[in-house]
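So this block is protein.cif, mmCIF, C-alpha atoms and all ligand atoms:
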```cif
data_start
#
loop_
_atom_site.label_atom_id
_atom_site.label_comp_id
_atom_site.auth_asym_id
_atom_site.auth_seq_id
_atom_site.Cartn_x
_atom_site.Cartn_y
_atom_site.Cartn_z
CA MET T 26 226.21 71.65 39.44
CA LYS T 27 225.27 74.29 36.99
CA SER T 28 221.54 74.15 37.69
CA LYS T 29 222.29 74.23 41.40
CA THR T 30 224.18 77.48 40.89
CA VAL T 31 221.34 78.91 38.84
CA LYS T 32 218.90 77.86 41.54
CA ALA T 33 221.00 79.46 44.26
CA THR T 34 221.30 82.65 42.23
CA THR T 35 217.56 82.72 41.62
CA THR T 36 216.90 82.22 45.33
CA LEU T 37 219.31 85.01 46.16
CA ILE T 38 217.59 87.35 43.72
CA ILE T 39 214.17 86.51 45.19
CA VAL T 40 215.42 87.09 48.74
CA LEU T 41 217.06 90.38 47.77
CA SER T 42 213.97 91.65 45.98
CA LEU T 43 211.80 90.69 48.96
CA MET T 44 214.14 92.61 51.23
CA LEU T 45 213.91 95.63 48.93
CA THR T 46 210.12 95.40 48.92
CA PHE T 47 209.85 95.32 52.69
CA SER T 48 212.97 97.18 53.55
CA CYS T 49 212.00 100.72 54.44
CA ASP T 50 209.49 102.66 56.50
CA ARG T 51 210.45 106.33 56.81
CA GLY T 52 214.08 105.41 56.29
CA LYS T 53 214.04 102.51 58.74
CA PHE T 54 215.04 99.00 57.75
CA ASN T 55 212.15 96.64 58.47
CA VAL T 56 211.59 93.27 56.79
CA PHE T 57 208.02 93.11 58.11
CA THR T 58 204.92 94.52 56.48
CA VAL T 59 202.40 96.74 58.26
CA GLN T 60 200.04 93.77 58.22
CA ASP T 61 202.75 91.70 59.98
CA ASP T 62 202.93 94.30 62.75
CA LYS T 63 199.18 93.97 63.27
CA GLU T 64 199.17 90.17 63.29
CA LEU T 65 202.23 89.93 65.50
CA GLY T 66 200.54 92.36 67.89
CA ASP T 67 197.44 90.14 67.97
CA GLU T 68 199.57 87.11 68.86
CA VAL T 69 201.57 88.93 71.52
CA HIS T 70 198.41 90.39 73.08
CA ALA T 71 196.83 86.91 73.16
CA GLU T 72 199.85 85.71 75.17
CA ILE T 73 199.50 88.66 77.56
CA GLU T 74 195.81 87.90 78.13
CA LYS T 75 196.62 84.25 78.77
CA ASP T 76 198.89 85.18 81.66
CA PRO T 77 196.85 87.25 84.15
CA ALA T 78 199.28 86.40 86.97
CA THR T 79 201.99 88.41 85.20
CA TYR T 80 199.66 90.86 83.46
CA PRO T 81 196.57 91.46 85.66
CA ILE T 82 194.63 93.68 83.24
CA LEU T 83 192.03 95.94 84.88
CA ASP T 84 188.52 95.10 83.74
CA LYS T 85 187.25 97.66 81.23
CA THR T 86 183.63 97.43 82.29
CA VAL T 87 184.29 97.79 86.01
CA HIS T 88 186.81 100.60 85.47
CA SER T 89 185.19 102.28 82.48
CA GLU T 90 185.50 105.80 83.92
CA LEU T 91 189.24 105.36 84.44
CA TYR T 92 189.71 103.92 80.95
CA ASN T 93 187.68 106.78 79.45
CA HIS T 94 190.23 109.29 80.73
CA LEU T 95 193.03 107.37 79.00
CA TYR T 96 190.97 107.05 75.80
CA ARG T 97 190.39 110.80 75.86
CA ILE T 98 194.15 111.47 76.06
CA ARG T 99 194.88 108.79 73.45
CA ASP T 100 192.43 110.42 71.04
CA VAL T 101 194.18 113.78 71.45
CA ILE T 102 197.43 112.04 70.44
CA LEU T 103 195.85 110.15 67.52
CA ALA T 104 194.41 113.42 66.14
CA SER T 105 197.96 114.39 65.17
CA PRO T 106 198.62 114.35 61.40
CA ASP T 107 202.04 112.88 62.26
CA ILE T 108 200.48 109.48 63.09
CA LYS T 109 200.99 107.33 60.02
CA TYR T 110 198.97 104.23 60.95
CA LYS T 111 196.03 105.83 62.73
CA ASN T 112 193.50 103.82 60.73
CA GLU T 113 195.53 100.67 60.16
CA PHE T 114 196.59 99.90 63.73
CA ASN T 115 194.59 98.81 66.79
CA TRP T 116 195.23 101.57 69.35
CA GLU T 117 193.56 99.79 72.27
CA ILE T 118 194.73 100.63 75.79
CA TYR T 119 195.22 98.31 78.78
CA ILE T 120 195.87 99.12 82.43
CA ILE T 121 197.87 96.50 84.33
CA HIS T 122 197.08 96.33 88.04
CA ASP T 123 200.52 96.28 89.64
CA ASP T 124 201.42 99.18 91.90
CA ASN T 125 205.03 98.07 92.16
CA VAL T 126 205.82 98.70 88.53
CA ILE T 127 206.37 102.20 87.21
CA ASN T 128 206.31 101.35 83.55
CA ALA T 129 204.46 101.42 80.25
CA PHE T 130 205.02 99.57 77.01
CA ALA T 131 203.77 99.25 73.44
CA ILE T 132 203.51 96.16 71.27
CA PRO T 133 203.61 96.04 67.45
CA GLY T 134 200.37 97.08 65.78
CA GLY T 135 199.36 99.86 68.20
CA ARG T 136 198.28 98.43 71.59
CA THR T 137 199.78 100.16 74.65
CA TYR T 138 199.87 99.09 78.32
CA TYR T 139 200.15 101.21 81.48
CA TYR T 140 200.87 99.95 84.99
CA THR T 141 198.89 101.31 87.94
CA GLY T 142 202.29 101.95 89.59
CA LEU T 143 202.99 104.51 86.86
CA LEU T 144 199.54 106.12 87.06
CA LYS T 145 199.88 106.49 90.85
CA PHE T 146 203.40 107.87 90.63
CA LEU T 147 202.61 110.65 88.14
CA GLU T 148 201.32 114.01 89.35
CA ASP T 149 199.93 115.70 86.27
CA GLU T 150 198.09 114.76 83.10
CA ALA T 151 200.72 116.29 80.79
CA SER T 152 203.25 113.73 82.07
CA LEU T 153 200.85 110.86 81.40
CA ALA T 154 200.05 112.28 77.95
CA GLY T 155 203.80 112.52 77.26
CA VAL T 156 204.41 108.89 78.27
CA MET T 157 201.40 107.73 76.23
CA ALA T 158 202.53 109.70 73.18
CA HIS T 159 206.01 108.22 73.56
CA GLU T 160 204.60 104.66 73.55
CA VAL T 161 202.31 105.47 70.59
CA ALA T 162 205.39 106.71 68.73
CA HIS T 163 207.23 103.41 69.34
CA ALA T 164 204.28 101.55 67.80
CA ASP T 165 203.64 103.97 64.92
CA TRP T 166 207.34 104.02 63.97
CA ARG T 167 207.33 100.20 64.18
CA HIS T 168 210.43 100.19 66.36
CA SER T 169 209.80 96.65 67.65
CA THR T 170 209.60 94.97 64.26
CA ALA T 171 212.63 96.97 63.16
CA ARG T 172 214.49 95.47 66.18
CA LEU T 173 213.04 92.02 65.43
CA SER T 174 214.27 92.36 61.83
CA LYS T 175 217.78 92.37 63.20
CA MET T 176 217.24 89.52 65.68
CA TYR T 177 215.16 86.85 64.02
CA SER T 178 214.69 85.55 60.50
CA TYR T 179 211.54 86.51 58.65
CA GLN T 180 210.60 82.81 58.70
CA THR T 181 210.79 82.69 62.50
CA ILE T 182 208.58 85.74 62.94
CA LEU T 183 206.22 84.42 60.31
CA SER T 184 205.70 81.35 62.54
CA VAL T 185 204.68 83.69 65.38
CA ILE T 186 202.30 85.61 63.10
CA LEU T 187 200.73 82.33 62.00
CA GLY T 188 200.22 81.30 65.62
CA ASP T 189 202.63 78.36 65.30
CA ASN T 190 205.16 79.65 67.81
CA PRO T 191 203.43 80.60 71.09
CA SER T 192 206.66 80.32 73.11
CA LEU T 193 208.35 82.97 70.99
CA ALA T 194 205.19 85.14 71.11
CA ALA T 195 205.35 84.93 74.92
CA GLU T 196 209.07 85.71 74.86
CA ILE T 197 208.44 88.78 72.71
CA ALA T 198 205.67 89.89 75.10
CA ALA T 199 208.01 89.58 78.08
CA ASN T 200 210.76 91.37 76.20
CA LEU T 201 208.50 94.30 75.40
CA ALA T 202 206.95 94.47 78.88
CA LEU T 203 210.09 94.05 80.91
CA GLY T 204 212.57 95.53 78.49
CA LEU T 205 214.75 92.44 78.52
CA THR T 206 217.94 93.47 76.83
CA ALA T 207 217.54 91.66 73.52
CA LEU T 208 214.60 93.74 72.35
CA ALA T 209 215.41 96.96 74.17
CA TYR T 210 214.94 100.02 72.02
CA SER T 211 218.01 101.75 70.65
CA ARG T 212 219.07 105.21 71.72
CA GLN T 213 217.84 106.50 68.36
CA ASP T 214 214.43 104.85 68.91
CA GLU T 215 214.12 106.62 72.28
CA TYR T 216 215.03 110.03 70.86
CA GLU T 217 212.62 109.50 68.00
CA ALA T 218 209.75 108.51 70.34
CA ASP T 219 210.47 111.59 72.49
CA GLU T 220 210.55 113.88 69.46
CA TYR T 221 207.22 112.55 68.22
CA SER T 222 205.64 112.73 71.67
CA LEU T 223 206.39 116.47 71.41
CA ARG T 224 205.10 116.70 67.84
CA TYR T 225 201.87 114.80 68.59
CA LEU T 226 201.06 116.94 71.63
CA GLY T 227 202.53 120.27 70.48
CA PRO T 228 199.33 121.54 68.88
CA ALA T 229 197.14 120.13 71.71
CA GLU T 230 196.15 121.90 74.92
CA HIS T 231 198.53 119.72 76.96
CA ASP T 232 202.04 120.88 77.70
CA PRO T 233 203.97 118.60 75.29
CA ARG T 234 207.07 118.17 77.49
CA GLY T 235 205.50 115.41 79.62
CA VAL T 236 208.29 112.87 79.11
CA ALA T 237 210.81 115.38 80.51
CA TYR T 238 208.55 116.13 83.50
CA PHE T 239 208.26 112.42 84.20
CA PHE T 240 212.04 111.91 84.15
CA GLU T 241 212.51 114.96 86.36
CA MET T 242 210.54 113.20 89.11
CA PHE T 243 213.35 110.68 89.56
CA ASP T 244 216.63 110.92 91.34
CA LEU T 245 218.41 109.65 88.24
CA GLU T 246 221.64 108.98 90.13
CA ASN T 247 219.89 106.70 92.65
CA PRO T 248 216.61 105.54 91.12
CA PRO T 249 214.33 103.50 93.42
CA SER T 250 214.05 99.83 92.41
CA THR T 251 210.44 100.34 91.26
CA VAL T 252 211.56 102.62 88.46
CA SER T 253 214.71 100.80 87.46
CA THR T 254 212.70 98.86 84.88
CA TYR T 255 211.37 101.97 83.21
CA LEU T 256 214.76 103.60 83.21
CA SER T 257 216.35 100.49 81.72
CA THR T 258 213.73 100.21 78.97
CA HIS T 259 213.85 103.96 78.41
CA PRO T 260 217.49 104.84 78.93
CA TYR T 261 219.52 108.05 78.55
CA ALA T 262 217.04 109.98 80.72
CA GLY T 263 219.35 112.91 81.52
CA ASP T 264 220.31 113.61 77.90
CA ARG T 265 216.73 113.15 76.80
CA ILE T 266 215.42 115.81 79.18
CA THR T 267 217.89 118.28 77.66
CA GLU T 268 216.92 117.28 74.13
CA ILE T 269 213.17 117.60 74.85
CA TYR T 270 213.60 121.19 76.07
CA ARG T 271 215.82 122.03 73.09
CA LEU T 272 213.29 120.61 70.60
CA PHE T 273 210.40 122.33 72.34
CA ALA T 274 212.12 125.69 71.84
CA GLU T 275 213.04 124.84 68.24
CA LEU T 276 209.52 123.74 67.29
CA GLY T 277 208.05 126.87 68.88
CA TYR T 278 205.09 125.26 70.63
CA ALA T 279 203.04 127.14 73.24
CA GLU T 280 203.45 126.35 76.94
CA GLY T 281 200.26 124.31 77.25
CA ASN T 282 198.60 123.04 80.41
CA ARG T 283 199.89 120.37 82.78
CA PHE T 284 196.38 119.67 84.15
CA THR T 285 197.55 118.91 87.67
CA GLU T 286 194.09 119.16 89.25
CA ARG T 287 192.35 117.14 86.56
CA TYR T 288 194.92 114.40 87.04
CA GLN T 289 193.80 113.99 90.64
CA GLN T 290 190.42 112.81 89.28
CA ILE T 291 192.20 110.07 87.32
CA LYS T 292 194.21 109.05 90.39
CA ALA T 293 191.06 108.90 92.52
CA LEU T 294 189.64 106.27 90.13
CA LEU T 295 192.60 103.91 90.56
CA PRO T 296 191.97 100.72 92.55
ZN ZN T 301 210.75 104.35 74.88
#
```

Give the structure from the file, written as C-alpha cells.
Amino acid sequence: MKSKTVKATTTLIIVLSLMLTFSCDRGKFNVFTVQDDKELGDEVHAEIEKDPATYPILDKTVHSELYNHLYRIRDVILASPDIKYKNEFNWEIYIIHDDNVINAFAIPGGRTYYYTGLLKFLEDEASLAGVMAHEVAHADWRHSTARLSKMYSYQTILSVILGDNPSLAAEIAANLALGLTALAYSRQDEYEADEYSLRYLGPAEHDPRGVAYFFEMFDLENPPSTVSTYLSTHPYAGDRITEIYRLFAELGYAEGNRFTERYQQIKALLP
C-alpha cells in the first residue's frame, strides 16, 4: 500500500512538472511543445493531401504565378518582428480549388490554406493580406494546440504526432478546415488574431485593416450560405470590425494602400 502511494505521488509530481515545463507560451496554457506543433502539422497536412476530393489543392507548378502573389504577401507578413516562429515553422501556402467556399484556415506549425471561393469574393489585396495575417497569427500563437490541450490528453495527441492515429489526424484536419465546433477558436483567439493581423501589416505598405474590410463585404444579418462557414469559424464579426478600427487608431498606423487594381491581376490568374 505504502509503495503504491509513493508511486502515485511520484507520478503526480512528474505529471505536474511536465505540465509546468510545457505550460505557457506568451501566457497561454499549452501542453504541447513547438516541435509538437510542427509534427502535428505534418500529420494533418498529410491527411489533407490524401483527400483531394475534399481538398483539391491547386498545382503549384501549373499555377506558379498565382502562388507567387500569395508568397509575396506572406513574406510581407513574415517580415514582422512580432512573428515568433518565423524560422521554426513551415509557412507553406495552399490554394484549394472550390469556388463555393469562402474560407481560409491554418493548421499547427504554420501552413495556411485559402479557398478559391475566398480569392474570387475579395476585391482588394489589403483584405487578402488581412485574412492571411489573421491565419498566420492563429498558427504563430499556437491557438490550435492550445485548444487541443483542453480537448485531448497529451498521450492521444502524441499518437497523432507519431503517425499512429490517422483517423484523429483526419478529424483534426476537418475540424480546422470546416470549423467543426469542437476545435473552433475562442473569442479571445479571434481578437488576438485580428490584433496581430494589424500589428504584422501596420508597418507594411498595405492598409492593415483588411479583416474589417472583408467582414464589411457581408450582410452580417443574413449571410449567404457560402460564407456561413467562415463566419462560424471566425465569429463575432460585428464587434471585431469595431475593435479593429479602435486598435488601428490606438496603434497610430498610416492609412496604407488597399491595392484594388493589383488585386485584379491575382483574380485574373484564378482557374
Ligand atoms: Zn480566426

(message) Counting only C-alpha atoms and all ligand atoms, what are the residues, protein, DNA or RNA alike, that approach ligand ZN 301 (chain T) to within 9 Å? I want them as a list in words.
(response)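 The neighbouring residues of ligand ZN 301 (chain T) are, in order, Ala129, Phe130, Ala131, Val156, His159, Glu160, Ala162, His163, Ala209, Tyr210, Ser211, Arg212, Asp214, Glu215, Tyr216, Glu217, Ala218, Asp219, Tyr255, Thr258, His259 and Pro260 of chain T.
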
(message) Which residues are near Gly66 in chain T? Cut-off 7 Å, all atoms listed in the file, ignore same chain within fewer than 2 positions. Put them as an NGL selection string.
(response) :T and (62-64 or 68-70 or 132-134)

(request) May I have the residues at most 9 Å from (199.0, 123.4, 82.1) in the file's coordinates, counting only C-alpha atoms, as a VMD selection string? (result) chain T and resid 149 to 151 230 to 232 280 to 285

(request) Can you work out which one of T:Lys175, T:His88, T:Arg136, T:Arg224 has the shortest atom-to-atom distance to Val101 in chain T, counting all atoms listed in the file? (result)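 The shortest atom-to-atom distance to Val101 in chain T comes from T:Arg224.
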
(request) Find the residues near Leu153 in chain T: any atom within 8 Å, counting only C-alpha atoms, skip ones fewer than 6 places away on the same chain, and give them as a ChimeraX atom specification. (result) /T:144,147,235

Near range 137-141 of chain T, within 8 Å and counting all atoms listed in the file, which residues show up once chain neighbours fewer than 3 positions away are dropped, as a short mmCIF file (atom, residue, chain, number, x, y, z; two decimals) with C-alpha atoms, in the frame of the given file?
```cif
data_model
loop_
_atom_site.label_atom_id
_atom_site.label_comp_id
_atom_site.auth_asym_id
_atom_site.auth_seq_id
_atom_site.Cartn_x
_atom_site.Cartn_y
_atom_site.Cartn_z
CA TRP T 116 195.23 101.57 69.35
CA GLU T 117 193.56 99.79 72.27
CA ILE T 118 194.73 100.63 75.79
CA TYR T 119 195.22 98.31 78.78
CA ILE T 120 195.87 99.12 82.43
CA ILE T 121 197.87 96.50 84.33
CA HIS T 122 197.08 96.33 88.04
CA ASP T 123 200.52 96.28 89.64
CA ASP T 124 201.42 99.18 91.90
CA VAL T 126 205.82 98.70 88.53
CA ILE T 127 206.37 102.20 87.21
CA ASN T 128 206.31 101.35 83.55
CA ALA T 129 204.46 101.42 80.25
CA PHE T 130 205.02 99.57 77.01
CA ALA T 131 203.77 99.25 73.44
CA ILE T 132 203.51 96.16 71.27
CA LEU T 144 199.54 106.12 87.06
CA LYS T 145 199.88 106.49 90.85
CA MET T 157 201.40 107.73 76.23
CA GLU T 160 204.60 104.66 73.55
CA VAL T 161 202.31 105.47 70.59
CA LEU T 295 192.60 103.91 90.56
#
```
